[in-house]
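Here is the structure we will look at, set down as structure tokens.
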Amino acid sequence: MRDIALLPPPENELPHLWQKPAYGVLLECLEKLRLEPRVWSLSVSRADTVKERNATFHDRREALSFLSAIIRSSLAWLDSDVEREVIWEEASKRLSERCGRTAMGEITRRWPFEDNGHGAFSLAIREPPLTGDSLGLKTWGSSYALARLLHELAFGPLAHLFVPGAMSTPDEVLELGSGTGLLGLAAACVWKTRVVLTDLPTIIPNLAHNASINREVVEAQGGRAEVARLTWGGAEGDIDPMFRIPNRYQLIIVADPLYDDDHPALLTSAVDEQLALSADARVLIMVPQRDETTKGLLGVLRKELSRRPNPLLCLDEDVVDGQDDWGEDNDDETRHVGFWWGIFGRAESERG
Ligand SMILES: C[S@@+](CC[C@H](N)C(=O)[O-])C[C@H]1O[C@@H](n2cnc3c(N)ncnc32)[C@H](O)[C@@H]1O
């Protein structure tokens, strides 16, 4: 029996535990079953996603039963406790990779950006294990969908903010609710400008880590990224002193900021405090059309922005197709979502 176990199983087949597979054979199988975290692509259709899922190395059910059999087994035939621990730990990791984003441990995904005239680059973004309601520890579909539109928008509805041909903004860009930082770091690279990425104090350590591991890429692209705490409607200690100068930013960017009833009013107050009062100033917001709640919150945000003493009105908007990996009703949790984006500017009567 031990001799059979020493042979690797035929390609694309998993060994049976009754064959008492050797440590090396088990380890090799567990390595083959590794699932890399998903990186979405706007160019991949739903049909392609399903095809890709069906073409994975092993049938999902077969892999799950192999992994849970390892965890249930005493692995008594292996040579030492150290070997047993390694195999159990690897099997647990492979299981958690199959349990959806919420159950995964820490991951780092590399997000590619094709060369649209600004040079191709990719950003490594760390996402710690999700705890409590710290939604800023996950990278959301909007941040990638919006990041991939930045180049086009700079030549379209935001063109007046960019020096023609030079792709640099006259002033720095502020990002609100940056989360893991994908959008803000991409903006620094694509627009070759200084971007200040902000979020709640609890989200800042991971955000700062991501800014730091991508510093070389950002600087090679001609950009700069800075990280600072900025809590919408927060107390003094939750807001970096650099934000005390009001109405300083010509351009504010935000991805997926609305998931609580308070968010439209809180976000509006932060935008109102930080956005320049000039007619040129713009806020670029993306809100995924995930469900009726998010759509409703976007409606409230539009009203809130239009009701300020210096009202902000939507000047351009559209919906693009994209993906996200949040949900309870999906095996691999990749969902196709319409992502609404809008650009707001000061109402005509209030400008100047
Ligand atoms: C759904 S996440 C989106 C994160 C990131 N923009 C993305 O698309 O990956 C919402 C973000 O808003 C931040 N946020 C929520 N309430 C906030 C507040 N009052 N002040 C500042 N940031 C807040 C969260 O910490 C989180 O990073």
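FYI, nothing fancy with the structure tokens labels: chains A, B, ... in order, residues from 1 per chain, ligands from 1 as they appear.
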
Query raised in the report: ligand 1: which residues are within 8 Å, counting only C-alpha atoms and all ligand atoms, as a ChimeraX atom specification?
Result: /A:134-144,176-183,198-200,202-203,229-234,254-259,263,266-267

Output the selection as an mmCIF file, in the first residue's frame - N, CA and C atoms for each residue.
data_model
loop_
_atom_site.group_PDB
_atom_site.id
_atom_site.type_symbol
_atom_site.label_atom_id
_atom_site.label_comp_id
_atom_site.auth_asym_id
_atom_site.auth_seq_id
_atom_site.Cartn_x
_atom_site.Cartn_y
_atom_site.Cartn_z
ATOM 1 N N SER A 134 -15.246 46.371 9.388
ATOM 2 C CA SER A 134 -14.159 47.134 8.764
ATOM 3 C C SER A 134 -14.141 46.901 7.258
ATOM 4 N N LEU A 135 -15.099 47.514 6.558
ATOM 5 C CA LEU A 135 -15.234 47.251 5.124
ATOM 6 C C LEU A 135 -14.057 47.816 4.325
ATOM 7 N N GLY A 136 -13.310 48.715 4.949
ATOM 8 C CA GLY A 136 -12.158 49.314 4.274
ATOM 9 C C GLY A 136 -10.965 48.372 4.196
ATOM 10 N N LEU A 137 -11.088 47.155 4.749
ATOM 11 C CA LEU A 137 -9.981 46.200 4.659
ATOM 12 C C LEU A 137 -10.109 45.327 3.414
ATOM 13 N N LYS A 138 -11.218 45.494 2.684
ATOM 14 C CA LYS A 138 -11.420 44.727 1.455
ATOM 15 C C LYS A 138 -11.352 45.687 0.262
ATOM 16 N N THR A 139 -10.883 45.171 -0.870
ATOM 17 C CA THR A 139 -10.886 45.986 -2.092
ATOM 18 C C THR A 139 -12.210 45.732 -2.803
ATOM 19 N N TRP A 140 -12.948 46.783 -3.068
ATOM 20 C CA TRP A 140 -14.285 46.646 -3.644
ATOM 21 C C TRP A 140 -14.230 46.827 -5.157
ATOM 22 N N GLY A 141 -15.199 46.196 -5.825
ATOM 23 C CA GLY A 141 -15.219 46.220 -7.298
ATOM 24 C C GLY A 141 -15.166 47.628 -7.868
ATOM 25 N N SER A 142 -15.828 48.578 -7.204
ATOM 26 C CA SER A 142 -15.871 49.960 -7.717
ATOM 27 C C SER A 142 -14.493 50.546 -7.878
ATOM 28 N N SER A 143 -13.599 50.237 -6.927
ATOM 29 C CA SER A 143 -12.299 50.908 -6.973
ATOM 30 C C SER A 143 -11.546 50.512 -8.245
ATOM 31 N N TYR A 144 -11.688 49.246 -8.659
ATOM 32 C CA TYR A 144 -10.997 48.825 -9.895
ATOM 33 C C TYR A 144 -11.735 49.361 -11.126
ATOM 34 N N LEU A 176 -11.553 60.179 -0.769
ATOM 35 C CA LEU A 176 -12.267 59.919 0.489
ATOM 36 C C LEU A 176 -12.623 58.433 0.569
ATOM 37 N N GLY A 177 -12.544 57.852 1.749
ATOM 38 C CA GLY A 177 -12.905 56.433 1.941
ATOM 39 C C GLY A 177 -12.068 55.515 1.067
ATOM 40 N N SER A 178 -10.751 55.662 1.128
ATOM 41 C CA SER A 178 -9.852 54.931 0.208
ATOM 42 C C SER A 178 -9.828 53.431 0.445
ATOM 43 N N GLY A 179 -10.139 52.970 1.649
ATOM 44 C CA GLY A 179 -10.102 51.529 1.936
ATOM 45 C C GLY A 179 -8.699 50.974 1.807
ATOM 46 N N THR A 180 -8.495 50.049 0.861
ATOM 47 C CA THR A 180 -7.167 49.458 0.685
ATOM 48 C C THR A 180 -6.294 50.290 -0.259
ATOM 49 N N GLY A 181 -6.876 51.296 -0.914
ATOM 50 C CA GLY A 181 -6.066 52.269 -1.659
ATOM 51 C C GLY A 181 -5.927 52.055 -3.154
ATOM 52 N N LEU A 182 -6.624 51.045 -3.715
ATOM 53 C CA LEU A 182 -6.423 50.750 -5.142
ATOM 54 C C LEU A 182 -6.726 51.965 -6.028
ATOM 55 N N LEU A 183 -7.869 52.623 -5.787
ATOM 56 C CA LEU A 183 -8.253 53.753 -6.646
ATOM 57 C C LEU A 183 -7.266 54.912 -6.522
ATOM 58 N N THR A 198 -7.375 58.832 2.038
ATOM 59 C CA THR A 198 -7.863 59.003 3.413
ATOM 60 C C THR A 198 -8.892 57.940 3.790
ATOM 61 N N ASP A 199 -9.044 57.745 5.090
ATOM 62 C CA ASP A 199 -10.089 56.835 5.584
ATOM 63 C C ASP A 199 -10.190 56.994 7.098
ATOM 64 N N LEU A 200 -10.967 56.121 7.722
ATOM 65 C CA LEU A 200 -11.100 56.100 9.182
ATOM 66 C C LEU A 200 -9.752 55.727 9.810
ATOM 67 N N THR A 202 -8.890 53.501 11.899
ATOM 68 C CA THR A 202 -8.636 52.051 11.984
ATOM 69 C C THR A 202 -8.179 51.456 10.649
ATOM 70 N N ILE A 203 -8.479 52.128 9.566
ATOM 71 C CA ILE A 203 -8.149 51.597 8.235
ATOM 72 C C ILE A 203 -6.763 52.073 7.786
ATOM 73 N N ARG A 229 -5.590 60.371 7.976
ATOM 74 C CA ARG A 229 -6.928 60.033 8.471
ATOM 75 C C ARG A 229 -7.893 61.184 8.188
ATOM 76 N N LEU A 230 -9.065 60.823 7.716
ATOM 77 C CA LEU A 230 -10.110 61.824 7.508
ATOM 78 C C LEU A 230 -11.457 61.122 7.678
ATOM 79 N N THR A 231 -12.064 61.328 8.847
ATOM 80 C CA THR A 231 -13.367 60.728 9.136
ATOM 81 C C THR A 231 -14.440 61.748 8.771
ATOM 82 N N TRP A 232 -15.358 61.364 7.882
ATOM 83 C CA TRP A 232 -16.433 62.271 7.489
ATOM 84 C C TRP A 232 -17.264 62.571 8.736
ATOM 85 N N GLY A 233 -17.427 63.838 9.047
ATOM 86 C CA GLY A 233 -18.212 64.230 10.225
ATOM 87 C C GLY A 233 -17.528 63.830 11.521
ATOM 88 N N GLY A 234 -16.195 63.584 11.491
ATOM 89 C CA GLY A 234 -15.494 63.082 12.671
ATOM 90 C C GLY A 234 -15.041 64.175 13.628
ATOM 91 N N VAL A 254 -14.072 59.289 -5.078
ATOM 92 C CA VAL A 254 -14.654 58.397 -4.058
ATOM 93 C C VAL A 254 -15.231 57.151 -4.737
ATOM 94 N N ALA A 255 -14.901 55.964 -4.203
ATOM 95 C CA ALA A 255 -15.492 54.727 -4.742
ATOM 96 C C ALA A 255 -16.251 53.991 -3.649
ATOM 97 N N ASP A 256 -17.485 53.652 -3.944
ATOM 98 C CA ASP A 256 -18.312 52.811 -3.068
ATOM 99 C C ASP A 256 -18.410 53.338 -1.636
ATOM 100 N N PRO A 257 -18.891 54.572 -1.458
ATOM 101 C CA PRO A 257 -18.897 55.147 -0.109
ATOM 102 C C PRO A 257 -20.212 54.980 0.664
ATOM 103 N N LEU A 258 -21.243 54.387 0.042
ATOM 104 C CA LEU A 258 -22.560 54.429 0.693
ATOM 105 C C LEU A 258 -23.049 53.044 1.109
ATOM 106 N N TYR A 259 -23.059 52.760 2.416
ATOM 107 C CA TYR A 259 -23.670 51.499 2.851
ATOM 108 C C TYR A 259 -24.407 51.653 4.166
ATOM 109 N N HIS A 263 -24.421 57.746 5.675
ATOM 110 C CA HIS A 263 -23.319 58.047 4.748
ATOM 111 C C HIS A 263 -23.576 59.201 3.782
ATOM 112 N N LEU A 266 -22.989 62.394 5.773
ATOM 113 C CA LEU A 266 -21.599 62.498 6.246
ATOM 114 C C LEU A 266 -20.640 62.770 5.084
ATOM 115 N N LEU A 267 -20.834 62.041 3.982
ATOM 116 C CA LEU A 267 -19.952 62.226 2.824
ATOM 117 C C LEU A 267 -20.131 63.640 2.259
#

Requested in this report: Can you check which residues of region 191-278 of chain A DSSP gives as strand (DSSP E) on the backbone and send them as a VMD selection string?
Outcome: chain A and resid 194 to 199 224 to 229 251 to 255

Query - Long-range neighbours of region 157-160 of chain A as a list in words, 8 Å cut-off, only C-alpha atoms, 3 positions minimum in chain - result: Leu153, Ala154, Val163, Pro164, Asp280, Arg282, Asp316 and Ile343 of chain A

Query raised in the report: Where in region 128-245 of chain A does DSSP assign alpha helix (DSSP H), given as a PyMOL selection string?
Result: chain A and resi 141-147+150-155+182-190+204-213+215-220

How about saving the chosen residues, C-alpha atoms kept, as an mmCIF file, in the first residue's frame?
data_model
loop_
_atom_site.group_PDB
_atom_site.id
_atom_site.type_symbol
_atom_site.label_atom_id
_atom_site.label_comp_id
_atom_site.auth_asym_id
_atom_site.auth_seq_id
_atom_site.Cartn_x
_atom_site.Cartn_y
_atom_site.Cartn_z
ATOM 1 C CA GLY A 141 -15.219 46.220 -7.298
ATOM 2 C CA SER A 142 -15.871 49.960 -7.717
ATOM 3 C CA SER A 143 -12.299 50.908 -6.973
ATOM 4 C CA TYR A 144 -10.997 48.825 -9.895
ATOM 5 C CA ALA A 145 -13.857 49.782 -12.214
ATOM 6 C CA LEU A 146 -13.333 53.491 -11.531
ATOM 7 C CA ALA A 147 -9.530 53.219 -11.623
ATOM 8 C CA LEU A 150 -9.502 57.494 -14.903
ATOM 9 C CA HIS A 151 -7.556 57.902 -18.118
ATOM 10 C CA GLU A 152 -10.674 58.286 -20.268
ATOM 11 C CA LEU A 153 -12.303 60.747 -17.850
ATOM 12 C CA ALA A 154 -9.177 62.943 -17.851
ATOM 13 C CA PHE A 155 -9.654 63.428 -21.595
ATOM 14 C CA LEU A 182 -6.423 50.750 -5.142
ATOM 15 C CA LEU A 183 -8.253 53.753 -6.646
ATOM 16 C CA GLY A 184 -6.079 56.467 -5.094
ATOM 17 C CA LEU A 185 -2.816 54.724 -5.979
ATOM 18 C CA ALA A 186 -4.031 54.143 -9.540
ATOM 19 C CA ALA A 187 -5.009 57.826 -9.776
ATOM 20 C CA ALA A 188 -1.483 58.842 -8.717
ATOM 21 C CA CYS A 189 -0.065 56.577 -11.477
ATOM 22 C CA VAL A 190 -2.515 57.370 -14.288
ATOM 23 C CA ILE A 204 -5.025 53.783 8.002
ATOM 24 C CA PRO A 205 -2.343 51.185 8.981
ATOM 25 C CA ASN A 206 -3.232 48.848 6.093
ATOM 26 C CA LEU A 207 -3.719 51.777 3.710
ATOM 27 C CA ALA A 208 -0.281 53.138 4.657
ATOM 28 C CA HIS A 209 1.214 49.670 4.130
ATOM 29 C CA ASN A 210 -0.248 49.507 0.610
ATOM 30 C CA ALA A 211 0.990 53.006 -0.212
ATOM 31 C CA SER A 212 4.426 51.997 0.983
ATOM 32 C CA ILE A 213 4.711 48.704 -0.962
ATOM 33 C CA ARG A 215 5.772 53.628 -3.656
ATOM 34 C CA GLU A 216 8.319 52.664 -6.310
ATOM 35 C CA VAL A 217 5.645 51.914 -8.928
ATOM 36 C CA VAL A 218 3.777 55.150 -8.196
ATOM 37 C CA GLU A 219 6.932 57.254 -8.345
ATOM 38 C CA ALA A 220 8.128 55.511 -11.514
#

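Our summary of the geometry notes that CA of Phe162 (chain A) is positioned 10.2 Å from CA of Thr193 (chain A).
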
Query raised in the report: What is the CA of Asp262 (chain A) to CA of Val283 (chain A) distance in Å?
Result: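 These atoms are spaced 19.2 Å apart.
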
Requested in this report: Go ahead and compute the interatomic distance for CA of Glu226 (chain A) and CA of Glu172 (chain A), in Å to one decimal.
Outcome: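 If I compute the distance from CA of Glu226 (chain A) to CA of Glu172 (chain A), I get 10.4 Å.
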
Report task. Show which residues sit within 6 Å of Val173 (chain A), as a ChimeraX atom specification. Count only C-alpha atoms, and ignore same-chain residues fewer than 6 positions away. Result -> /A:195,251-252

Query - Surrounding residues of Leu64 (chain A) excluding itself and chain neighbours under 6 positions, 9 Å, only C-alpha atoms, as a ChimeraX atom specification - result: /A:94-95,98

Requested in this report: Can you pull out every residue within 12 Å of Gly296 (chain A), counting only C-alpha atoms, but drop anything in the same chain fewer than 2 positions away, and send it as an MDAnalysis selection string?
Outcome: chainID A and resid 258:261 263:264 287:294 298:303

Requested in this report: Would you mind telling me which residue in A:Ile87, A:Ala22, A:Leu123, A:Leu14 lies nearest to Asp59 (chain A) when using only C-alpha atoms?
Outcome: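 Closest to Asp59 (chain A) of all the choices is A:Leu14.
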
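Among the candidates A:Gly119, A:Glu13, A:Asp79, A:Ile71, the one nearest to Glu28 (chain A) when counting only C-alpha atoms is A:Glu13.
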
Report task. Using only C-alpha atoms, determine which residues lie at most 9 Å from Asp321 (chain A), disregarding the query and same-chain residues fewer than 3 positions distant; provide the list as number ranges by chain. Result -> A: 42, 145, 336-340

File of the preceding selection, C-alpha atoms, as a compact mmCIF listing (two decimals), in the first residue's frame:
# COMPACT_ATOMS: atom_id res chain seq x y z
CA LEU A 42 -13.96 44.58 -17.19
CA ALA A 145 -13.86 49.78 -12.21
CA HIS A 336 -21.58 41.14 -12.11
CA VAL A 337 -22.71 44.57 -11.07
CA GLY A 338 -23.56 47.82 -12.84
CA PHE A 339 -21.31 50.57 -11.48
CA TRP A 340 -22.79 54.06 -11.64
